[in-house]
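Asker: First, the structure itself, so that you have it in front of you.
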Amino acid sequence: MKVEIDVKVPLDSSLEEEAKKLGIEKYEILRESVDARKKPVFVYRLLVELPDERAKELIEKGVAREHKPVPEVHIQEVKTKKRVLVVGTGPAGLFSAYVLARAGLEVVVVERGKPVEERVKDVAKFWKERKLNENSNVQFGEGGAGTFSDGKLTTRVKDRKKHFVFKTLVECGAPPEILYKSKPHVGTDKLREVVANFREKLKKLGVEFRFSTLLTELQKEGNRITSAGFKDLKENREYKEEFDFFFLAPGNSARDTFEMLKRAGVELSAKPFAVGLRVIHRQKTINRVQYGRKWFKNPKLPPAEYLFTYKGKERNVYTFCMCPGGYVICASSEKHTVVTNGMSNHARDSGYANSAVVVQLFPEDFDNDPFKAIEFQRALERAAFVVGGSDYSMPAQTVWDFINGETSSDLIEGGYIPEIRSARLDRLLPPEISQPIKEAFLHWYEKVSFFVPSNATLVGVETRTSSPVRILRNQDFTSISAENLYPIGEGAGYAGGITSSAVDGINGALSLIEKLT
């Protein structure tokens, strides 16, 4: 019988040693985590095959539990040939295309940006020469915004199809450890390779990719979309094409796409999102906070992470998308704006940690108008560009100067790409955002003073935490405005990261397949 057994491994021991003490020689790691509540220890969940009697004995003692394998994702074959358009090559778009193609459907994927190999060069050029390509940047291009991130796969989604996502990523070159790490991440350097390999995997299934192709129009007749209009950005050529079904995975920065959908009669709504800043620490500061003074230098321990929350008088504040050993990057997608994001390589070895510190905003703040919310984001991004020096340098201020309303003369020395410049972020943000952030840091200082050292530096602005727009859909994933339009992923307002977006794309595809079979 296969059972699961939890094993604790002290820093001065190894998994092999602790397993032998329990008489376990052969095992498979199902989960690995770090318990840092007291003295840090590694906690492993092992899959072990034992004789039935011994297994039942351990289960009765509470030492083991019966193993229940994760069910496979069953993809039925569709015998009626239908053409499906998938818009966007983020996780939702790629995984929906994968499932649809495996079912035997004819799939065409369009992406306004470039293949990841070319996209990486455009981003590097932007950071070096400050020349922004508005269709190929940190936000737009193959792999979506997550390609230039930490590549973290943690999610609150309970859907067990997330294991299908992880297995697929490993097949495309992701580190096998993501199958069992409690907080799995790929890293931007590895993720670029995975995305390119995933594309080739899809091509072998017959998927057609069209890069540098912008969706400009959806033609609607009755309750169906009949055709789509495109612009070939390389050839500056416009054309229309008919499809049977349309999967829309635009990403949360596709503001012109949202405007097009409104013109096409596709119903949208405002949704909650968050806005704030990024904070940079030295990684050793965070390691000491999380692991303690005695153990934070232990080389066995991974770069530490954190999650802080603060319940404000009117608005809550929380840390988001924390990047151990990473960088704060300029992630602009529109000219003369500055947007921040966090990014790290698989090794997480920059020596610096960063996280968004954001404040909740709600539809009623913008009269329930998603386009007013977008304009609010834009106004902050344009202001950040100006106070940063109008050359895509990111405006920055130490945490204590932000709290005290003073200009910073001594910012943190690293952990950012391409450049930061001293500016009054406390004046840049409106009071309904700046005041809760000040209160949050003072609250956290009282709880964990070491978290707010003198060199902790805030960088602005963080506006793309999630989409302020939701493309309204039914329970079967179809738009309430068109029965053959499937809005999926983070940009459509239904996910919040790589894994949840991928799962949403899978579920949308399975919904269509079920109808067709």
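Chain lettering (A, B, ...) mirrors the order of the structure tokens, residue numbering begins at 1 for each chain separately, and ligand numbering begins at 1 in order of display.
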Write out as a PyMOL selection string the residues lying within 12 Å of stretch 35-49 of chain A, counting only C-alpha atoms and excluding same-chain residues fewer than 6 positions away.

Answerer: chain A and resi 1-16+18-19+22-29+55-56+58+63-69+180-182+287-298+300-302+304-306

Asker: Take the residues from that selection and put them in a file with C-alpha atoms, as an mmCIF file, in the first residue's frame.

Answerer:
```cif
data_model
loop_
_atom_site.group_PDB
_atom_site.id
_atom_site.type_symbol
_atom_site.label_atom_id
_atom_site.label_comp_id
_atom_site.auth_asym_id
_atom_site.auth_seq_id
_atom_site.Cartn_x
_atom_site.Cartn_y
_atom_site.Cartn_z
ATOM 1 C CA MET A 1 0.000 0.000 0.000
ATOM 2 C CA LYS A 2 1.204 3.503 -0.765
ATOM 3 C CA VAL A 3 1.177 5.870 2.207
ATOM 4 C CA GLU A 4 2.321 9.404 2.959
ATOM 5 C CA ILE A 5 4.628 10.085 5.895
ATOM 6 C CA ASP A 6 5.798 13.478 7.187
ATOM 7 C CA VAL A 7 9.459 13.749 8.169
ATOM 8 C CA LYS A 8 11.165 16.659 9.917
ATOM 9 C CA VAL A 9 14.808 17.292 9.041
ATOM 10 C CA PRO A 10 16.946 19.550 11.310
ATOM 11 C CA LEU A 11 19.538 21.834 9.700
ATOM 12 C CA ASP A 12 22.364 19.629 10.968
ATOM 13 C CA SER A 13 20.914 16.486 9.393
ATOM 14 C CA SER A 14 19.692 15.306 5.989
ATOM 15 C CA LEU A 15 16.561 13.718 4.574
ATOM 16 C CA GLU A 16 18.432 10.491 3.884
ATOM 17 C CA GLU A 18 16.115 10.963 8.967
ATOM 18 C CA ALA A 19 14.420 8.548 6.569
ATOM 19 C CA LEU A 22 12.401 5.516 10.311
ATOM 20 C CA GLY A 23 13.411 2.473 8.279
ATOM 21 C CA ILE A 24 12.518 4.151 4.987
ATOM 22 C CA GLU A 25 14.907 3.413 2.128
ATOM 23 C CA LYS A 26 12.870 4.127 -1.013
ATOM 24 C CA TYR A 27 10.606 7.150 -1.240
ATOM 25 C CA GLU A 28 9.333 9.916 -3.456
ATOM 26 C CA ILE A 29 9.157 13.509 -2.229
ATOM 27 C CA ALA A 55 0.839 0.524 6.310
ATOM 28 C CA LYS A 56 -2.486 0.024 8.145
ATOM 29 C CA LEU A 58 1.027 3.273 10.815
ATOM 30 C CA VAL A 63 1.979 8.301 11.680
ATOM 31 C CA ALA A 64 0.939 7.882 8.034
ATOM 32 C CA ARG A 65 -2.026 8.547 5.773
ATOM 33 C CA GLU A 66 -3.246 6.632 2.765
ATOM 34 C CA HIS A 67 -2.001 8.084 -0.506
ATOM 35 C CA LYS A 68 -4.649 9.380 -2.875
ATOM 36 C CA PRO A 69 -3.114 10.146 -6.260
ATOM 37 C CA TYR A 180 6.895 19.205 -4.523
ATOM 38 C CA LYS A 181 8.096 22.566 -3.190
ATOM 39 C CA SER A 182 5.491 24.210 -0.949
ATOM 40 C CA ASN A 287 16.464 36.162 6.294
ATOM 41 C CA ARG A 288 17.123 37.462 9.797
ATOM 42 C CA VAL A 289 13.485 38.481 10.261
ATOM 43 C CA GLN A 290 12.217 35.052 9.246
ATOM 44 C CA TYR A 291 14.920 32.630 10.452
ATOM 45 C CA GLY A 292 16.271 34.410 13.509
ATOM 46 C CA ARG A 293 19.702 35.766 14.460
ATOM 47 C CA LYS A 294 21.214 32.334 15.144
ATOM 48 C CA TRP A 295 20.282 30.657 11.874
ATOM 49 C CA PHE A 296 19.781 33.257 9.138
ATOM 50 C CA LYS A 297 23.261 32.714 7.704
ATOM 51 C CA ASN A 298 22.854 28.944 7.357
ATOM 52 C CA LYS A 300 21.003 25.302 3.644
ATOM 53 C CA LEU A 301 18.136 27.740 4.084
ATOM 54 C CA PRO A 302 16.605 29.315 0.962
ATOM 55 C CA ALA A 304 13.372 33.904 2.986
ATOM 56 C CA GLU A 305 9.959 35.198 1.972
ATOM 57 C CA TYR A 306 7.347 37.177 3.888
#
```

Asker: Excluding A:Glu106 and residues on its chain fewer than 5 positions from it, collect all residues at most 9 Å away from it, counting only C-alpha atoms, and give them as a short mmCIF file (atom, residue, chain, number, x, y, z; two decimals) with C-alpha atoms, in the first residue's frame.

Answerer:
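That gives us result_21.cif:
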```cif
data_model
loop_
_atom_site.label_atom_id
_atom_site.label_comp_id
_atom_site.auth_asym_id
_atom_site.auth_seq_id
_atom_site.Cartn_x
_atom_site.Cartn_y
_atom_site.Cartn_z
CA LYS A 81 -13.78 20.11 -36.71
CA LYS A 82 -14.06 23.64 -35.35
CA ARG A 83 -11.70 26.63 -35.56
CA VAL A 84 -10.80 28.34 -32.31
CA LEU A 85 -9.04 31.69 -31.92
CA LEU A 100 -8.09 22.55 -27.16
CA ALA A 101 -5.41 21.23 -29.52
CA GLY A 206 -0.91 21.71 -34.99
CA VAL A 207 -1.36 25.06 -33.23
CA GLU A 208 -0.66 28.07 -35.45
#
```

Asker: Excluding A:Thr457 and any residue of its chain fewer than 3 positions from it, enumerate the residues within 9 Å of it, using only C-alpha atoms, and give them as a list in words.

Answerer: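 Result of the neighbour search: Arg278, Val279, Ile280, His281, Ala396, Gln397, Thr398, Val399, Trp400, Leu411, Ile412 and Ser454 of chain A.
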
Asker: Residues of stretch 399-488 of chain A within 9 Å of stretch 323-346 of chain A: nearest atom pair and distance (Å, one decimal) for each, counting only C-alpha atoms, sorted by chain and number, as a Markdown table?

Answerer:
```
| residue | atom | partner | partner_atom | distance |
| --- | --- | --- | --- | --- |
| A:Gly414 | CA | A:Tyr327 | CA | 8.2 |
| A:Gly415 | CA | A:Tyr327 | CA | 4.6 |
| A:Tyr416 | CA | A:Val328 | CA | 4.5 |
| A:Ile417 | CA | A:Ile329 | CA | 4.8 |
| A:Pro418 | CA | A:Ile329 | CA | 6.7 |
| A:Glu419 | CA | A:Cys330 | CA | 8.4 |
| A:Val459 | CA | A:Thr340 | CA | 7.6 |
| A:Gly460 | CA | A:Thr340 | CA | 6.2 |
| A:Val461 | CA | A:Val339 | CA | 5.4 |
| A:Glu462 | CA | A:Thr340 | CA | 5.1 |
| A:Thr463 | CA | A:Val339 | CA | 6.6 |
| A:Arg464 | CA | A:Val339 | CA | 7.6 |
| A:Thr465 | CA | A:Asn341 | CA | 8.7 |
```

Asker: Next, write the just-selected residues to a file, as a compact mmCIF listing (two decimals), in the first residue's frame, keeping N, CA and C atoms as the atom set.

Answerer:
```
# COMPACT_ATOMS: atom_id res chain seq x y z
N GLY A 414 21.21 48.70 -4.34
CA GLY A 414 21.00 47.71 -5.40
C GLY A 414 19.62 47.10 -5.32
N GLY A 415 19.39 46.10 -6.23
CA GLY A 415 18.11 45.41 -6.22
C GLY A 415 17.08 46.01 -7.16
N TYR A 416 17.55 46.72 -8.19
CA TYR A 416 16.62 47.35 -9.13
C TYR A 416 17.22 47.38 -10.53
N ILE A 417 16.33 47.42 -11.55
CA ILE A 417 16.72 47.54 -12.96
C ILE A 417 15.71 48.46 -13.65
N PRO A 418 16.12 49.53 -14.36
CA PRO A 418 17.51 49.89 -14.60
C PRO A 418 18.06 50.88 -13.57
N GLU A 419 17.23 51.78 -13.04
CA GLU A 419 17.74 52.87 -12.21
C GLU A 419 16.63 53.40 -11.31
N VAL A 459 9.86 52.11 -4.02
CA VAL A 459 9.99 52.46 -5.44
C VAL A 459 8.59 52.48 -6.06
N GLY A 460 8.34 53.47 -6.91
CA GLY A 460 6.99 53.59 -7.47
C GLY A 460 6.94 53.56 -8.98
N VAL A 461 5.73 53.31 -9.49
CA VAL A 461 4.52 52.94 -8.78
C VAL A 461 4.10 51.53 -9.18
N GLU A 462 3.41 50.85 -8.26
CA GLU A 462 2.90 49.49 -8.50
C GLU A 462 1.40 49.61 -8.79
N THR A 463 1.04 49.52 -10.05
CA THR A 463 -0.35 49.72 -10.45
C THR A 463 -0.96 48.51 -11.15
N ARG A 464 -0.16 47.53 -11.54
CA ARG A 464 -0.67 46.42 -12.34
C ARG A 464 -0.78 45.13 -11.51
N THR A 465 -1.22 45.26 -10.28
CA THR A 465 -1.35 44.07 -9.42
C THR A 465 -2.37 43.09 -9.97
```

Asker: Ranking A:Gly90, A:Pro468, A:Gly62, A:Gly222 by minimum distance to A:Phe198 and counting only C-alpha atoms, which one comes first?

Answerer: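 Using only C-alpha atoms, A:Phe198 sits closest to A:Gly90.
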